[in-house]
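File shown here: target.csv, holding CSV, C-alpha atoms and all ligand atoms.
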chain,number,residue,atom,x,y,z
A,193,MET,CA,10.7,23.0,11.5
A,194,ARG,CA,8.2,21.1,9.5
A,195,ALA,CA,10.5,20.6,6.5
A,196,THR,CA,13.2,19.3,8.9
A,197,GLY,CA,10.8,16.8,10.3
A,198,ARG,CA,10.0,15.6,6.9
A,199,ARG,CA,13.6,15.0,6.0
A,200,GLN,CA,14.2,13.2,9.3
A,201,ARG,CA,11.3,10.9,8.7
A,202,ALA,CA,12.4,10.3,5.1
A,203,ARG,CA,15.7,9.1,6.3
A,204,GLN,CA,14.0,6.7,8.7
A,205,ARG,CA,11.8,5.0,6.2
A,206,VAL,CA,12.5,1.4,5.4
A,207,VAL,CA,13.3,-1.3,7.5
A,208,LEU,CA,11.9,-4.6,8.1
A,209,THR,CA,12.7,-6.8,5.2
A,210,THR,CA,12.2,-10.3,6.6
A,211,ALA,CA,9.3,-12.1,4.9
A,212,GLY,CA,8.9,-9.1,2.6
A,213,VAL,CA,7.4,-6.8,5.2
A,214,ALA,CA,8.6,-3.2,5.1
A,215,LEU,CA,7.3,-1.3,8.1
A,216,THR,CA,8.4,1.4,10.5
A,217,GLY,CA,6.7,2.8,13.5
A,218,ALA,CA,3.9,5.3,13.3
A,219,LEU,CA,3.8,9.0,13.6
A,220,LEU,CA,1.6,11.6,15.1
A,221,SER,CA,-1.3,10.9,17.4
A,222,GLY,CA,-0.6,7.3,18.3
A,223,CYS,CA,-2.4,5.8,15.4
A,224,ASP,CA,-0.3,6.2,12.2
A,225,GLN,CA,1.8,3.7,10.4
A,226,GLN,CA,4.7,4.5,8.1
A,227,ALA,CA,6.0,2.2,5.5
A,228,SER,CA,8.6,1.8,2.8
A,229,PRO,CA,7.9,1.1,-0.9
A,230,THR,CA,8.2,-2.7,-1.1
A,231,ARG,CA,6.1,-4.0,-3.9
A,232,GLY,CA,2.9,-5.9,-3.1
A,233,THR,CA,2.4,-9.5,-4.0
A,234,SER,CA,-1.1,-10.4,-2.9
A,235,THR,CA,-3.9,-11.5,-5.2
A,236,ASP,CA,-7.3,-9.9,-5.4
A,237,THR,CA,-10.4,-11.4,-4.1
A,238,THR,CA,-14.0,-10.9,-4.8
A,239,PRO,CA,-15.8,-8.8,-2.2
A,240,SER,CA,-19.1,-10.0,-0.8
A,241,ALA,CA,-20.9,-6.9,-2.0
A,242,ALA,CA,-20.0,-3.9,-4.1
A,243,THR,CA,-21.6,-0.8,-5.5
A,244,PRO,CA,-21.1,0.3,-9.1
A,245,SER,CA,-19.0,3.4,-9.6
A,246,ALA,CA,-18.5,6.0,-12.2
A,247,PRO,CA,-15.2,7.8,-12.8
A,248,GLY,CA,-14.3,10.0,-9.8
A,249,VAL,CA,-17.1,8.5,-7.7
A,250,PRO,CA,-15.8,6.5,-4.8
A,251,SER,CA,-16.4,2.7,-4.8
A,252,VAL,CA,-17.7,0.9,-1.8
A,253,LEU,CA,-16.8,-2.7,-1.0
A,254,ARG,CA,-18.1,-4.5,2.0
A,255,ALA,CA,-17.3,-7.7,3.9
A,256,THR,CA,-18.2,-8.9,7.4
A,257,GLY,CA,-17.3,-6.1,9.8
A,258,LEU,CA,-15.6,-4.0,7.1
A,259,GLN,CA,-16.5,-1.3,4.7
A,260,VAL,CA,-13.8,0.0,2.3
A,261,THR,CA,-14.3,3.2,0.3
A,262,GLY,CA,-12.0,4.8,-2.2
A,263,SER,CA,-11.6,6.4,-5.6
A,264,VAL,CA,-8.7,4.1,-6.5
A,265,GLY,CA,-9.2,1.2,-8.9
A,266,ARG,CA,-11.6,-1.6,-8.1
A,267,PRO,CA,-8.8,-4.2,-8.0
A,268,GLU,CA,-6.8,-2.1,-5.6
A,269,LEU,CA,-9.8,-1.6,-3.4
A,270,ALA,CA,-10.6,-5.3,-3.5
A,271,ARG,CA,-7.1,-6.1,-2.5
A,272,VAL,CA,-7.3,-3.8,0.5
A,273,LEU,CA,-10.6,-5.4,1.5
A,274,SER,CA,-9.1,-8.9,1.2
A,275,GLU,CA,-6.1,-8.0,3.4
A,276,ALA,CA,-8.3,-6.2,5.8
A,277,GLN,CA,-10.4,-9.3,6.2
A,278,THR,CA,-7.3,-11.2,7.2
A,279,ALA,CA,-6.2,-8.4,9.4
A,280,ARG,CA,-9.6,-8.4,11.1
A,281,SER,CA,-9.3,-12.1,11.8
A,282,TRP,CA,-5.9,-11.6,13.3
A,283,VAL,CA,-7.2,-8.9,15.6
A,284,ALA,CA,-10.2,-11.0,16.5
A,285,ARG,CA,-7.9,-13.8,17.8
A,286,THR,CA,-6.5,-11.5,20.4
A,287,TRP,CA,-9.6,-9.3,21.0
A,288,PRO,CA,-12.6,-11.4,20.1
A,289,ARG,CA,-15.2,-9.6,22.2
A,290,GLN,CA,-14.0,-6.2,21.1
A,291,VAL,CA,-14.1,-7.0,17.4
A,292,ALA,CA,-17.6,-8.6,17.7
A,293,ALA,CA,-18.9,-5.6,19.6
A,294,ASP,CA,-17.5,-2.9,17.3
A,295,GLY,CA,-19.7,-3.6,14.4
A,296,THR,CA,-18.5,-2.4,11.0
A,297,VAL,CA,-15.2,-0.6,10.7
A,298,ARG,CA,-14.9,2.0,8.0
A,299,LEU,CA,-11.7,2.2,5.9
A,300,GLN,CA,-11.1,5.0,3.5
A,301,VAL,CA,-8.4,4.5,0.8
A,302,ALA,CA,-6.9,7.7,-0.4
A,303,ALA,CA,-6.2,8.0,-4.2
A,304,ASP,CA,-3.0,10.1,-3.6
A,305,SER,CA,-1.0,11.8,-0.9
A,306,ALA,CA,-3.0,15.0,-1.1
A,307,GLN,CA,-6.2,13.2,-0.5
A,308,PHE,CA,-4.6,11.2,2.2
A,309,ALA,CA,-3.6,14.4,3.9
A,310,ARG,CA,-7.1,15.8,3.6
A,311,LEU,CA,-8.7,12.7,5.0
A,312,ARG,CA,-6.4,12.8,7.9
A,313,GLY,CA,-7.1,16.4,8.6
A,314,GLY,CA,-4.7,18.2,6.4
A,315,VAL,CA,-1.5,17.2,8.2
A,316,PRO,CA,1.2,18.2,5.7
A,317,GLU,CA,3.6,15.4,6.7
A,318,SER,CA,1.1,12.7,6.0
A,319,ASP,CA,2.4,11.8,2.6
A,320,GLU,CA,5.1,9.8,4.4
A,321,LEU,CA,2.6,7.8,6.4
A,322,ALA,CA,1.0,4.6,5.4
A,323,ALA,CA,-2.3,4.7,7.4
A,324,SER,CA,-3.9,6.2,10.4
A,325,THR,CA,-7.0,6.1,12.5
A,326,THR,CA,-9.1,9.2,13.1
A,327,ALA,CA,-10.5,10.0,16.5
A,328,SER,CA,-13.9,8.8,15.3
A,329,GLY,CA,-12.5,5.4,14.4
A,330,VAL,CA,-12.2,5.6,10.7
A,331,VAL,CA,-9.1,4.0,9.2
A,332,VAL,CA,-7.5,6.2,6.6
A,333,ILE,CA,-5.2,4.4,4.2
A,334,GLY,CA,-2.5,6.1,2.2
A,335,PRO,CA,-1.3,5.3,-1.3
A,336,THR,CA,1.8,3.6,0.0
A,337,VAL,CA,-0.4,0.8,1.4
A,338,VAL,CA,-2.2,0.3,-1.9
A,339,SER,CA,0.9,0.2,-4.1
A,340,GLY,CA,3.9,-0.2,-2.0
A,341,LEU,CA,3.5,-3.1,0.5
A,342,THR,CA,3.5,-6.8,0.3
A,343,ALA,CA,0.4,-8.7,1.4
A,344,GLN,CA,1.8,-9.3,4.8
A,345,GLY,CA,2.9,-5.6,5.1
A,346,GLN,CA,-0.7,-4.6,4.3
A,347,ARG,CA,-2.1,-7.0,6.9
A,348,VAL,CA,0.2,-5.7,9.6
A,349,VAL,CA,-0.6,-2.1,8.9
A,350,LEU,CA,-4.3,-2.8,8.8
A,351,ALA,CA,-4.3,-5.0,11.9
A,352,HIS,CA,-2.4,-2.3,13.8
A,353,GLU,CA,-5.1,0.3,12.9
A,354,LEU,CA,-8.0,-2.1,13.5
A,355,THR,CA,-6.6,-2.7,17.0
A,356,HIS,CA,-6.7,1.0,17.7
A,357,VAL,CA,-10.3,1.0,16.4
A,358,VAL,CA,-11.7,-1.9,18.4
A,359,LEU,CA,-9.9,-0.8,21.6
A,360,HIS,CA,-11.1,2.8,21.0
A,361,GLN,CA,-7.6,4.0,21.6
A,362,THR,CA,-7.8,7.1,19.4
A,363,ALA,CA,-11.0,8.4,20.9
A,364,ARG,CA,-9.3,9.0,24.3
A,365,ALA,CA,-6.6,11.6,25.0
A,366,GLY,CA,-3.9,11.2,27.5
A,367,LEU,CA,-3.1,7.5,27.1
A,368,SER,CA,0.5,6.4,27.3
A,369,ARG,CA,1.9,6.1,23.8
A,370,TRP,CA,3.7,2.9,24.5
A,371,VAL,CA,0.5,1.3,25.6
A,372,VAL,CA,-1.4,2.4,22.5
A,373,GLU,CA,1.3,1.6,19.9
A,374,GLY,CA,2.7,-1.4,21.7
A,375,SER,CA,-0.6,-3.1,22.0
A,376,ALA,CA,-1.4,-2.5,18.3
A,377,GLU,CA,2.1,-3.7,17.2
A,378,TYR,CA,1.9,-6.8,19.4
A,379,THR,CA,-1.6,-7.6,18.1
A,380,ALA,CA,-0.6,-7.0,14.5
A,381,TYR,CA,2.6,-9.1,14.5
A,382,ARG,CA,1.3,-11.9,16.7
A,383,TRP,CA,0.1,-14.0,13.8
A,384,THR,CA,2.7,-13.1,11.2
A,385,GLY,CA,5.1,-15.8,12.3
A,386,LEU,CA,7.9,-13.3,12.6
A,387,SER,CA,10.3,-13.5,15.5
A,388,LEU,CA,10.7,-10.5,17.8
A,389,ALA,CA,14.1,-9.9,16.2
A,390,ALA,CA,12.6,-9.9,12.7
A,391,ALA,CA,9.7,-7.6,13.7
A,392,CYS,CA,12.0,-5.2,15.7
A,393,PRO,CA,15.3,-5.0,13.9
A,394,THR,CA,16.3,-1.7,15.3
A,395,LEU,CA,15.6,-2.9,18.9
A,396,ALA,CA,17.5,-6.1,18.1
A,397,ASN,CA,20.5,-4.1,16.9
A,398,ASP,CA,20.4,-1.9,20.0
A,399,VAL,CA,20.4,-4.9,22.3
A,400,ARG,CA,23.3,-6.5,20.4
A,401,ALA,CA,25.2,-3.3,20.7
A,402,GLY,CA,24.7,-3.2,24.5
A,403,ARG,CA,22.0,-0.5,24.3
A,404,VAL,CA,19.4,-2.3,26.3
A,405,PRO,CA,16.2,-0.4,27.1
A,406,THR,CA,15.4,-0.1,30.8
A,407,GLY,CA,11.6,0.0,30.4
A,408,PRO,CA,8.8,1.1,28.0
A,409,PRO,CA,9.6,4.2,25.9
A,410,ALA,CA,8.5,7.6,27.1
A,411,ASP,CA,5.9,9.5,25.2
A,412,THR,CA,8.5,11.9,24.0
A,413,SER,CA,10.3,9.1,22.2
A,414,PHE,CA,7.4,8.9,19.8
A,415,SER,CA,8.2,12.4,18.4
A,416,GLY,CA,11.3,13.7,16.8
A,417,GLY,CA,13.6,11.4,14.9
A,418,GLN,CA,13.3,8.1,16.8
A,419,GLN,CA,9.7,7.0,16.2
A,420,GLN,CA,10.7,3.7,14.6
A,421,ARG,CA,12.8,2.8,17.7
A,422,ALA,CA,10.0,3.9,20.0
A,423,TYR,CA,7.5,1.6,18.3
A,424,GLN,CA,9.8,-1.3,18.4
A,425,GLN,CA,10.6,-0.7,22.1
A,426,ALA,CA,6.9,-0.6,22.8
A,427,HIS,CA,6.4,-3.8,20.9
A,428,GLY,CA,9.3,-5.4,22.8
A,429,TYR,CA,7.9,-4.4,26.1
A,430,MET,CA,4.5,-5.8,25.4
A,431,SER,CA,6.1,-9.1,24.3
A,432,PHE,CA,8.0,-9.1,27.6
A,433,LEU,CA,4.8,-8.6,29.6
A,434,VAL,CA,3.0,-11.4,27.7
A,435,SER,CA,5.9,-13.7,28.3
A,436,ARG,CA,6.1,-12.9,32.0
A,437,TYR,CA,2.5,-12.7,33.0
A,438,GLY,CA,0.5,-14.5,30.3
A,439,LEU,CA,-1.8,-13.3,27.6
A,440,SER,CA,-4.9,-12.9,29.8
A,441,ALA,CA,-3.1,-10.6,32.3
A,442,TRP,CA,-1.7,-8.6,29.4
A,443,GLN,CA,-5.2,-8.3,27.8
A,444,ARG,CA,-6.6,-7.1,31.1
A,445,PHE,CA,-3.9,-4.5,31.4
A,446,VAL,CA,-4.3,-3.2,27.8
A,447,LEU,CA,-8.1,-2.9,28.2
A,448,GLN,CA,-7.8,-1.1,31.5
A,449,ALA,CA,-5.0,1.2,30.3
A,450,SER,CA,-6.8,1.9,27.0
A,451,ALA,CA,-9.8,3.0,29.1
A,452,GLY,CA,-7.6,5.4,31.0
A,453,ARG,CA,-7.7,3.5,34.3
A,454,ALA,CA,-5.0,4.6,36.7
A,455,GLY,CA,-3.1,1.8,38.3
A,456,ALA,CA,-3.8,-0.6,35.5
A,457,PHE,CA,-0.2,-1.9,35.4
A,458,ALA,CA,0.1,-2.8,39.1
A,459,ASP,CA,-3.5,-4.2,39.1
A,460,SER,CA,-2.8,-6.4,36.2
A,461,PHE,CA,0.7,-7.6,37.1
A,462,GLY,CA,0.5,-8.4,40.8
A,463,GLY,CA,1.6,-5.0,42.0
A,464,ALA,CA,4.7,-4.8,39.8
A,465,THR,CA,6.1,-1.6,38.4
A,466,PRO,CA,8.1,-0.9,35.3
A,467,ALA,CA,11.0,0.2,37.5
A,468,GLY,CA,10.9,-3.1,39.5
A,469,LEU,CA,10.9,-5.1,36.3
A,470,ARG,CA,14.0,-3.5,34.8
A,471,SER,CA,16.3,-6.4,35.3
A,472,ALA,CA,13.8,-9.0,34.1
A,473,TYR,CA,13.1,-6.9,31.0
A,474,ALA,CA,16.7,-6.7,30.1
A,475,ALA,CA,17.1,-10.5,30.6
A,476,PHE,CA,14.1,-11.1,28.3
A,477,LEU,CA,15.5,-8.9,25.6
A,478,ARG,CA,18.9,-10.6,25.7
A,479,HIS,CA,17.3,-14.0,25.7
A,480,SER,CA,15.0,-13.1,22.8
A,481,LEU,CA,17.3,-11.0,20.6
A,482,LEU,CA,20.8,-12.1,21.1
B,501,ZN,ZN,-0.7,3.3,15.9
In structure tokens, write the structure found in this file.
Amino acid sequence: MRATGRRQRARQRVVLTTAGVALTGALLSGCDQQASPTRGTSTDTTPSAATPSAPGVPSVLRATGLQVTGSVGRPELARVLSEAQTARSWVARTWPRQVAADGTVRLQVAADSAQFARLRGGVPESDELAASTTASGVVVIGPTVVSGLTAQGQRVVLAHELTHVVLHQTARAGLSRWVVEGSAEYTAYRWTGLSLAAACPTLANDVRAGRVPTGPPADTSFSGGQQQRAYQQAHGYMSFLVSRYGLSAWQRFVLQASAGRAGAFADSFGGATPAGLRSAYAAFLRHSLL
């Protein structure tokens, strides 16, 4: 069962190539990112503070609101911190109060897939993930992010995870997966300059083929072999809600839903229901993706 799952995920890896980003949807508890091995291109930056390190001793780099720890090389760690600073600024543009209120976010960079699995709690499949956020709000970054992503790919992965952290989405059980992942994806991609079609190529292909989603993806869509599609559908639905109701109403909905408030959808969107928006959503997707 587990080995089968690993093979399925391996077949799904890859995907978004526009602007050099390679990113698929996440796996597991609503907080993981999976990525393909596109080479990185960013330059390193000097952190605002650093601690000396001996071989095998984790380095610690800090910047405003961020602390990055890891036993990888100092240049690699500095690069992660640099991209995390950009990612944090992206998240702050959408969630300024939440970013300001959250203090310092801790990021742990794993040296290899085995350490990545341990930091995440020993989940065997984790070597195929890029990053995840623990229930206590620590962002765990896998080796793929360090060595296999472009600068923009790193920023998207980090912004996705930072969104989970500042909205405290991994600390609560029972939240709808499309809300958790869709809000993180929308926040992360909002400042990349990528179109919805570029950010969601599988969704775009589905719509072009006449397979138009009727609403947000069910929680069950985020397990099994269709995670990538589910993440893009969640992203697409969030884009639809922002387009139809505006950013403020969408932010209100995400905050309420992330806090587990029942009725957040209807309260935020004038009594609307996903079922009642089916035709409007289909029209939005065709307009945006065809
Ligand atoms: Zn996530």
Show me, as a tab-separated table, the residues of chain A having an atom within 12 Å of ligand ZN 501 (chain B), each with the closest atom pair and its distance in Å, using all atoms listed in the file.
residue	atom	partner	partner_atom	distance
A:Thr216	CA	B:ZN501	ZN	10.8
A:Gly217	CA	B:ZN501	ZN	7.8
A:Ala218	CA	B:ZN501	ZN	5.6
A:Leu219	CA	B:ZN501	ZN	7.6
A:Leu220	CA	B:ZN501	ZN	8.6
A:Ser221	CA	B:ZN501	ZN	7.8
A:Gly222	CA	B:ZN501	ZN	4.7
A:Cys223	CA	B:ZN501	ZN	3.1
A:Asp224	CA	B:ZN501	ZN	4.7
A:Gln225	CA	B:ZN501	ZN	6.1
A:Gln226	CA	B:ZN501	ZN	9.6
A:Leu321	CA	B:ZN501	ZN	11.0
A:Ala322	CA	B:ZN501	ZN	10.7
A:Ala323	CA	B:ZN501	ZN	8.8
A:Ser324	CA	B:ZN501	ZN	7.0
A:Thr325	CA	B:ZN501	ZN	7.7
A:Thr326	CA	B:ZN501	ZN	10.6
A:Ala327	CA	B:ZN501	ZN	11.9
A:Val331	CA	B:ZN501	ZN	10.8
A:Val332	CA	B:ZN501	ZN	11.9
A:Val348	CA	B:ZN501	ZN	11.0
A:Val349	CA	B:ZN501	ZN	8.8
A:Leu350	CA	B:ZN501	ZN	10.0
A:Ala351	CA	B:ZN501	ZN	9.9
A:His352	CA	B:ZN501	ZN	6.2
A:Glu353	CA	B:ZN501	ZN	6.1
A:Leu354	CA	B:ZN501	ZN	9.4
A:Thr355	CA	B:ZN501	ZN	8.5
A:His356	CA	B:ZN501	ZN	6.7
A:Val357	CA	B:ZN501	ZN	9.9
A:Leu359	CA	B:ZN501	ZN	11.6
A:His360	CA	B:ZN501	ZN	11.6
A:Gln361	CA	B:ZN501	ZN	9.0
A:Thr362	CA	B:ZN501	ZN	8.8
A:Ser368	CA	B:ZN501	ZN	11.9
A:Arg369	CA	B:ZN501	ZN	8.8
A:Trp370	CA	B:ZN501	ZN	9.7
A:Val371	CA	B:ZN501	ZN	10.0
A:Val372	CA	B:ZN501	ZN	6.7
A:Glu373	CA	B:ZN501	ZN	4.8
A:Gly374	CA	B:ZN501	ZN	8.2
A:Ser375	CA	B:ZN501	ZN	8.8
A:Ala376	CA	B:ZN501	ZN	6.3
A:Glu377	CA	B:ZN501	ZN	7.7
A:Tyr378	CA	B:ZN501	ZN	11.0
A:Thr379	CA	B:ZN501	ZN	11.2
A:Ala380	CA	B:ZN501	ZN	10.4
A:Phe414	CA	B:ZN501	ZN	10.6
A:Gln419	CA	B:ZN501	ZN	11.0
A:Gln420	CA	B:ZN501	ZN	11.5
A:Ala422	CA	B:ZN501	ZN	11.5
A:Tyr423	CA	B:ZN501	ZN	8.7
A:Gln424	CA	B:ZN501	ZN	11.7
A:Ala426	CA	B:ZN501	ZN	11.0
A:His427	CA	B:ZN501	ZN	11.2
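Computed from the coordinates, the CA of Ala389 (chain A) to CA of Ser480 (chain A) distance equals 7.4 Å.
Closest to Val291 (chain A) among A:Ser251, A:Gln425, A:Thr256, A:Ser450 is A:Thr256, based on all atoms listed in the file.
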Separating CA of Phe432 (chain A) from CA of Ala474 (chain A), to the nearest tenth of an Å, is a gap of 9.4 Å
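Between CA of Ala306 (chain A) and CA of Ser263 (chain A) lies a distance of 13.0 Å.
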Taking (18.2, -13.8, 25.7) in the coordinates of the supplied file, I want to know which residues reach to within 12 Å of it, counting all atoms listed in the file; could you give the answer as a ChimeraX atom specification? /A:388-389,396,399-400,404,432,472-482
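Counting all atoms listed in the file and comparing A:Gly428, A:Gly265, A:Gly438, A:Gly452, the residue that lies closest to Tyr381 (chain A) is A:Gly428.
Comparing the minimum interatomic distances between Leu253 (chain A) and each of A:Leu447, A:Arg298, A:Thr406, A:Val283, counting all atoms listed in the file, we find that A:Arg298 sits nearest.
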Sorted per-residue table, region 285-397 of chain A near region 270-274 of chain A, closest atoms and distance, 12 Å, all atoms listed in the file, as a tab-separated table:
residue	atom	partner	partner_atom	distance
A:Val297	CA	A:Leu273	CA	11.4
A:Arg298	CA	A:Leu273	CA	10.7
A:Leu299	CA	A:Leu273	CA	8.9
A:Gln300	CA	A:Val272	CA	10.0
A:Val301	CA	A:Val272	CA	8.4
A:Ala302	CA	A:Val272	CA	11.5
A:Val331	CA	A:Val272	CA	11.8
A:Val332	CA	A:Val272	CA	11.7
A:Ile333	CA	A:Val272	CA	9.2
A:Gly334	CA	A:Val272	CA	11.1
A:Pro335	CA	A:Val272	CA	11.0
A:Thr336	CA	A:Val272	CA	11.7
A:Val337	CA	A:Val272	CA	8.3
A:Val338	CA	A:Val272	CA	7.0
A:Ser339	CA	A:Val272	CA	10.2
A:Leu341	CA	A:Val272	CA	10.8
A:Thr342	CA	A:Arg271	CA	11.0
A:Ala343	CA	A:Arg271	CA	8.8
A:Gln344	CA	A:Val272	CA	11.5
A:Gly345	CA	A:Val272	CA	11.3
A:Gln346	CA	A:Val272	CA	7.7
A:Arg347	CA	A:Val272	CA	8.8
A:Val348	CA	A:Val272	CA	11.9
A:Val349	CA	A:Val272	CA	10.9
A:Leu350	CA	A:Val272	CA	8.9
A:Ala351	CA	A:Val272	CA	11.8
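For the point (-1.0, -9.4, 37.8) in file coordinates, the residues within 9 Å, using all atoms listed in the file, are Tyr437, Ala441, Trp442, Phe445, Phe457, Ala458, Asp459, Ser460, Phe461, Gly462, Gly463 and Ala464 of chain A.
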Please write the residues from the selection above to a file, keeping C-alpha atoms, as a JSON list (two decimals), in the coordinates of the input.
[["chain", "number", "residue", "atom", "x", "y", "z"],
["A", 437, "TYR", "CA", 2.50, -12.70, 33.00],
["A", 441, "ALA", "CA", -3.10, -10.60, 32.30],
["A", 442, "TRP", "CA", -1.70, -8.60, 29.40],
["A", 445, "PHE", "CA", -3.90, -4.50, 31.40],
["A", 457, "PHE", "CA", -0.20, -1.90, 35.40],
["A", 458, "ALA", "CA", 0.10, -2.80, 39.10],
["A", 459, "ASP", "CA", -3.50, -4.20, 39.10],
["A", 460, "SER", "CA", -2.80, -6.40, 36.20],
["A", 461, "PHE", "CA", 0.70, -7.60, 37.10],
["A", 462, "GLY", "CA", 0.50, -8.40, 40.80],
["A", 463, "GLY", "CA", 1.60, -5.00, 42.00],
["A", 464, "ALA", "CA", 4.70, -4.80, 39.80]]
From A:Ala454, A:Val330, A:Leu367, A:Ala309, residue lying nearest Leu258 (chain A) [all atoms listed in the file]: A:Val330
Leaving out Ala292 (chain A) and any residue of its chain fewer than 2 positions from it, which residues lie within 12 Å of it when counting only C-alpha atoms, given as a CSV table (one decimal) with C-alpha atoms, keeping the file's coordinate frame?
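Listing of part23.csv after writing:
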chain,number,residue,atom,x,y,z
A,256,THR,CA,-18.2,-8.9,7.4
A,257,GLY,CA,-17.3,-6.1,9.8
A,258,LEU,CA,-15.6,-4.0,7.1
A,280,ARG,CA,-9.6,-8.4,11.1
A,281,SER,CA,-9.3,-12.1,11.8
A,283,VAL,CA,-7.2,-8.9,15.6
A,284,ALA,CA,-10.2,-11.0,16.5
A,285,ARG,CA,-7.9,-13.8,17.8
A,286,THR,CA,-6.5,-11.5,20.4
A,287,TRP,CA,-9.6,-9.3,21.0
A,288,PRO,CA,-12.6,-11.4,20.1
A,289,ARG,CA,-15.2,-9.6,22.2
A,290,GLN,CA,-14.0,-6.2,21.1
A,294,ASP,CA,-17.5,-2.9,17.3
A,295,GLY,CA,-19.7,-3.6,14.4
A,296,THR,CA,-18.5,-2.4,11.0
A,297,VAL,CA,-15.2,-0.6,10.7
A,358,VAL,CA,-11.7,-1.9,18.4
A,359,LEU,CA,-9.9,-0.8,21.6
